[in-house]
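Okay, input.csv now, which holds CSV, C-alpha atoms:
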```
chain,number,residue,atom,x,y,z
A,1,MET,CA,-8.7,2.3,12.8
A,2,SER,CA,-7.2,1.0,9.6
A,3,ILE,CA,-3.6,0.7,8.6
A,4,TRP,CA,-2.0,2.0,5.4
A,5,TYR,CA,1.3,0.4,4.5
A,6,TYR,CA,4.2,0.9,2.1
A,7,ALA,CA,6.2,-2.3,1.6
A,8,LYS,CA,8.8,-4.0,-0.5
A,9,VAL,CA,7.5,-7.5,-1.6
A,10,LYS,CA,9.3,-10.3,-3.4
A,11,ASP,CA,7.1,-12.3,-5.8
A,12,THR,CA,7.5,-16.0,-6.5
A,13,ASP,CA,9.6,-15.3,-9.6
A,14,GLY,CA,12.2,-13.6,-7.3
A,15,GLN,CA,11.4,-10.0,-8.4
A,16,TRP,CA,11.0,-7.2,-5.8
A,17,HIS,CA,8.2,-4.8,-6.0
A,18,PHE,CA,7.2,-1.7,-4.0
A,19,LYS,CA,3.6,-1.8,-3.0
A,20,THR,CA,1.1,0.3,-1.0
A,21,GLY,CA,-2.1,-1.0,0.5
A,22,THR,CA,-4.4,-1.1,3.5
A,23,SER,CA,-5.1,-3.5,6.3
A,24,ARG,CA,-8.0,-3.5,8.7
A,25,ASP,CA,-5.9,-4.3,11.8
A,26,GLN,CA,-2.4,-5.2,13.1
A,27,LEU,CA,-3.0,-9.0,13.0
A,28,THR,CA,-4.1,-8.9,9.4
A,29,LEU,CA,-1.0,-6.7,8.6
A,30,GLN,CA,1.3,-9.3,10.2
A,31,ARG,CA,-0.2,-12.1,8.1
A,32,ARG,CA,-0.5,-10.1,4.8
A,33,PHE,CA,2.6,-11.5,3.0
A,34,LYS,CA,3.2,-14.7,4.9
A,35,ASP,CA,1.7,-17.0,2.3
A,36,LYS,CA,4.8,-18.5,0.5
A,37,ARG,CA,2.6,-19.6,-2.4
A,38,ASN,CA,2.3,-15.9,-3.3
A,39,TYR,CA,5.3,-14.2,-1.8
A,40,MET,CA,8.9,-15.2,-1.2
A,41,ASP,CA,9.8,-12.3,1.1
A,42,PHE,CA,8.6,-8.9,2.3
A,43,GLU,CA,9.6,-5.8,4.3
A,44,TYR,CA,7.4,-3.1,5.6
A,45,ILE,CA,8.9,0.3,5.0
A,46,GLU,CA,6.2,2.5,6.6
A,47,THR,CA,2.9,1.9,8.3
A,48,LEU,CA,0.4,4.6,9.4
A,49,GLN,CA,-3.0,4.4,11.1
A,50,PHE,CA,-6.0,6.3,9.8
A,51,SER,CA,-9.7,6.2,10.7
A,52,ASN,CA,-11.8,3.8,8.7
A,53,GLU,CA,-13.6,6.7,7.0
A,54,ASP,CA,-10.3,8.3,5.8
A,55,ILE,CA,-8.3,5.2,4.7
A,56,LYS,CA,-9.9,5.2,1.3
A,57,LEU,CA,-8.7,8.8,0.7
A,58,VAL,CA,-5.1,7.8,1.6
A,59,GLU,CA,-5.3,4.7,-0.6
A,60,ASN,CA,-6.6,6.7,-3.5
A,61,SER,CA,-3.8,9.3,-3.2
A,62,PHE,CA,-1.4,6.6,-4.7
A,63,LYS,CA,-3.6,5.3,-7.6
A,64,ASP,CA,-1.6,7.3,-10.2
A,65,LEU,CA,1.6,5.7,-9.1
A,66,GLN,CA,0.3,2.1,-9.2
A,67,VAL,CA,0.4,-0.3,-12.2
A,68,GLY,CA,-3.3,-0.9,-11.9
A,69,LYS,CA,-4.8,-3.0,-14.7
A,70,LYS,CA,-1.4,-3.0,-16.5
A,71,TRP,CA,0.2,-5.4,-14.0
A,72,GLU,CA,0.8,-8.0,-16.6
A,73,GLN,CA,3.0,-5.6,-18.7
A,74,TYR,CA,5.2,-5.1,-15.6
A,75,GLY,CA,5.8,-8.9,-15.2
A,76,ILE,CA,3.8,-9.3,-12.0
A,77,PRO,CA,2.5,-12.9,-11.5
A,78,ASN,CA,-1.2,-13.4,-11.8
A,79,HIS,CA,-1.4,-15.0,-8.3
A,80,PHE,CA,0.3,-12.0,-6.7
A,81,TYR,CA,-2.2,-10.8,-4.2
A,82,GLY,CA,-2.8,-7.0,-4.6
A,83,LYS,CA,-1.0,-6.9,-7.9
A,84,THR,CA,-2.8,-3.8,-9.1
A,85,GLU,CA,-1.4,-1.9,-6.0
A,86,VAL,CA,2.2,-2.5,-7.0
A,87,LEU,CA,4.0,0.8,-7.7
A,88,LYS,CA,5.4,1.5,-11.2
A,89,PRO,CA,9.1,0.7,-11.3
A,90,GLU,CA,9.9,4.3,-12.2
A,91,VAL,CA,8.4,5.6,-9.0
A,92,THR,CA,11.1,6.6,-6.5
A,93,ASP,CA,11.2,6.2,-2.8
A,94,GLU,CA,11.5,10.0,-2.5
A,95,GLU,CA,8.2,10.4,-4.3
A,96,ILE,CA,6.5,8.0,-1.9
A,97,ARG,CA,7.9,9.7,1.1
A,98,LYS,CA,6.9,13.1,-0.2
A,99,ARG,CA,3.3,11.9,-0.7
A,100,ILE,CA,3.3,10.5,2.8
A,101,LYS,CA,4.3,13.9,4.2
A,102,GLU,CA,1.7,15.7,2.1
A,103,PHE,CA,-1.3,13.7,3.4
A,104,LYS,CA,-4.1,16.1,3.9
A,105,ILE,CA,-6.8,14.2,5.6
A,106,PRO,CA,-9.7,16.5,6.5
A,107,THR,CA,-10.5,16.6,10.2
A,108,LYS,CA,-14.1,15.9,11.3
A,109,THR,CA,-15.4,18.5,13.7
A,110,THR,CA,-18.8,18.9,15.3
A,111,LEU,CA,-20.5,21.7,17.2
A,112,LYS,CA,-19.3,20.0,20.4
A,113,ASP,CA,-15.7,20.8,19.5
A,114,PHE,CA,-16.4,24.6,19.8
```
What is this file in structure tokens?
Amino acid sequence: MSIWYYAKVKDTDGQWHFKTGTSRDQLTLQRRFKDKRNYMDFEYIETLQFSNEDIKLVENSFKDLQVGKKWEQYGIPNHFYGKTEVLKPEVTDEEIRKRIKEFKIPTKTTLKDF
């Protein structure tokens, strides 16, 4: 299983950013923003588990809300790990929560299920 997260992260310039991303396990998730050379603070808002096959679908469902390659225009430091996954400032918490509720991950069934 993989973990998808929605977090608030403070960069080394003191600016807060909302960010989505993935982590392969709980231990990696706990360590994700601990490096004080890259982050001053963080807070996980939501975490959800998905199968390793489906996590990419979940991650891709937020691509249009992320800064992507325009991270520099949004004042995100170069050393900020996962800077392309930071959400655009105009994205609201309601939009994120709505997307979370709308996750439509296809189920995998086999003939054994019938």
Exercise. Go through A:Phe42, A:Ile3, A:His17, A:Gln26 one by one, measure the shortest atom-to-atom distance of each to A:Glu90 using only C-alpha atoms, and give the residue with the smallest value.
Key: A:His17
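Taking atom CA of A:Trp16 as the reference point, atom CA of A:Asn52 is found at 29.2 Å.
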Exercise. Pick out the closest residue to A:Gly82 from this set: A:Ile96, A:Met40, A:Val9, A:Val58. Count all atoms listed in the file.
Key: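 Checking each candidate against A:Gly82, we get A:Val9 as the closest.
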Exercise. Determine the nearest neighbour of A:Val67 from the options A:Asp25, A:Asp35, A:Glu85, A:Glu43, counting all atoms listed in the file.
Key: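 Of A:Asp25, A:Asp35, A:Glu85, A:Glu43, the one nearest A:Val67, counting all atoms listed in the file, is A:Glu85.
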Self-check item: Separation of atom CA of A:Lys98 from atom CA of A:Glu72 in Å
Solution: 27.4 Å
Exercise. Within 8 Å of A:Ser23, counting only C-alpha atoms, which residues show up once you throw out same-chain ones fewer than 5 positions away? Write them as an MDAnalysis selection string, please.
Key: chainID A and resid 2:5 28:29
Practice problem: May I ask for the distance between atom CA of A:Arg97 and atom CA of A:Phe62, given in Å to one decimal place? | Solution: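 Going from atom CA of A:Arg97 over to atom CA of A:Phe62, I get 11.4 Å.
Closest to A:Lys63 among A:Lys104, A:Arg37, A:Arg24, A:Lys19 is A:Lys19, based on only C-alpha atoms.
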Practice problem: Rank nothing, just name the residue among A:Asp41, A:Glu46, A:Glu53, A:Glu95 nearest to A:Thr20, using only C-alpha atoms. | Solution: A:Glu46
Quiz prompt | For A:Pro77, the nearest of the candidates A:Met1, A:Glu102, A:Arg32, A:Asn38, counting only C-alpha atoms | solution =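 Counting only C-alpha atoms, the residue closest to A:Pro77 is A:Asn38.
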For stretch 24-43 of chain A, supply N, CA and C atoms and format the output as a PDB file, in the coordinates of the input.
```
ATOM      1  N   ARG A  24      -6.959  -3.957   7.742  1.00  0.00           N
ATOM      2  CA  ARG A  24      -8.000  -3.500   8.700  1.00  0.00           C
ATOM      3  C   ARG A  24      -7.458  -3.516  10.157  1.00  0.00           C
ATOM      4  N   ASP A  25      -6.378  -4.287  10.436  1.00  0.00           N
ATOM      5  CA  ASP A  25      -5.900  -4.300  11.800  1.00  0.00           C
ATOM      6  C   ASP A  25      -4.415  -4.841  11.799  1.00  0.00           C
ATOM      7  N   GLN A  26      -3.782  -4.804  12.952  1.00  0.00           N
ATOM      8  CA  GLN A  26      -2.400  -5.200  13.100  1.00  0.00           C
ATOM      9  C   GLN A  26      -2.199  -6.711  12.806  1.00  0.00           C
ATOM     10  N   LEU A  27      -3.121  -7.536  13.234  1.00  0.00           N
ATOM     11  CA  LEU A  27      -3.000  -9.000  13.000  1.00  0.00           C
ATOM     12  C   LEU A  27      -3.050  -9.300  11.521  1.00  0.00           C
ATOM     13  N   THR A  28      -3.967  -8.682  10.795  1.00  0.00           N
ATOM     14  CA  THR A  28      -4.100  -8.900   9.400  1.00  0.00           C
ATOM     15  C   THR A  28      -2.790  -8.392   8.676  1.00  0.00           C
ATOM     16  N   LEU A  29      -2.252  -7.296   9.141  1.00  0.00           N
ATOM     17  CA  LEU A  29      -1.000  -6.700   8.600  1.00  0.00           C
ATOM     18  C   LEU A  29       0.144  -7.711   8.771  1.00  0.00           C
ATOM     19  N   GLN A  30       0.226  -8.342   9.918  1.00  0.00           N
ATOM     20  CA  GLN A  30       1.300  -9.300  10.200  1.00  0.00           C
ATOM     21  C   GLN A  30       1.202 -10.537   9.287  1.00  0.00           C
ATOM     22  N   ARG A  31       0.006 -10.910   8.922  1.00  0.00           N
ATOM     23  CA  ARG A  31      -0.200 -12.100   8.100  1.00  0.00           C
ATOM     24  C   ARG A  31      -0.200 -11.800   6.584  1.00  0.00           C
ATOM     25  N   ARG A  32      -0.259 -10.546   6.212  1.00  0.00           N
ATOM     26  CA  ARG A  32      -0.500 -10.100   4.800  1.00  0.00           C
ATOM     27  C   ARG A  32       0.407 -10.835   3.811  1.00  0.00           C
ATOM     28  N   PHE A  33       1.699 -10.915   4.030  1.00  0.00           N
ATOM     29  CA  PHE A  33       2.600 -11.500   3.000  1.00  0.00           C
ATOM     30  C   PHE A  33       3.272 -12.775   3.469  1.00  0.00           C
ATOM     31  N   LYS A  34       2.666 -13.476   4.399  1.00  0.00           N
ATOM     32  CA  LYS A  34       3.200 -14.700   4.900  1.00  0.00           C
ATOM     33  C   LYS A  34       3.028 -15.936   4.025  1.00  0.00           C
ATOM     34  N   ASP A  35       2.067 -15.878   3.113  1.00  0.00           N
ATOM     35  CA  ASP A  35       1.700 -17.000   2.300  1.00  0.00           C
ATOM     36  C   ASP A  35       2.835 -17.232   1.221  1.00  0.00           C
ATOM     37  N   LYS A  36       3.655 -18.258   1.395  1.00  0.00           N
ATOM     38  CA  LYS A  36       4.800 -18.500   0.500  1.00  0.00           C
ATOM     39  C   LYS A  36       4.365 -18.989  -0.886  1.00  0.00           C
ATOM     40  N   ARG A  37       3.088 -19.271  -1.073  1.00  0.00           N
ATOM     41  CA  ARG A  37       2.600 -19.600  -2.400  1.00  0.00           C
ATOM     42  C   ARG A  37       2.511 -18.341  -3.274  1.00  0.00           C
ATOM     43  N   ASN A  38       2.413 -17.168  -2.634  1.00  0.00           N
ATOM     44  CA  ASN A  38       2.300 -15.900  -3.300  1.00  0.00           C
ATOM     45  C   ASN A  38       3.476 -14.979  -3.213  1.00  0.00           C
ATOM     46  N   TYR A  39       4.212 -15.104  -2.121  1.00  0.00           N
ATOM     47  CA  TYR A  39       5.300 -14.200  -1.800  1.00  0.00           C
ATOM     48  C   TYR A  39       6.523 -14.955  -1.311  1.00  0.00           C
ATOM     49  N   MET A  40       7.720 -14.536  -1.729  1.00  0.00           N
ATOM     50  CA  MET A  40       8.900 -15.200  -1.200  1.00  0.00           C
ATOM     51  C   MET A  40       9.453 -14.407   0.028  1.00  0.00           C
ATOM     52  N   ASP A  41       9.244 -13.097   0.044  1.00  0.00           N
ATOM     53  CA  ASP A  41       9.800 -12.300   1.100  1.00  0.00           C
ATOM     54  C   ASP A  41       9.050 -10.938   1.150  1.00  0.00           C
ATOM     55  N   PHE A  42       9.203 -10.184   2.240  1.00  0.00           N
ATOM     56  CA  PHE A  42       8.600  -8.900   2.300  1.00  0.00           C
ATOM     57  C   PHE A  42       9.289  -8.039   3.400  1.00  0.00           C
ATOM     58  N   GLU A  43       9.103  -6.738   3.302  1.00  0.00           N
ATOM     59  CA  GLU A  43       9.600  -5.800   4.300  1.00  0.00           C
ATOM     60  C   GLU A  43       8.703  -4.596   4.339  1.00  0.00           C
TER      61      GLU A  43
END
```
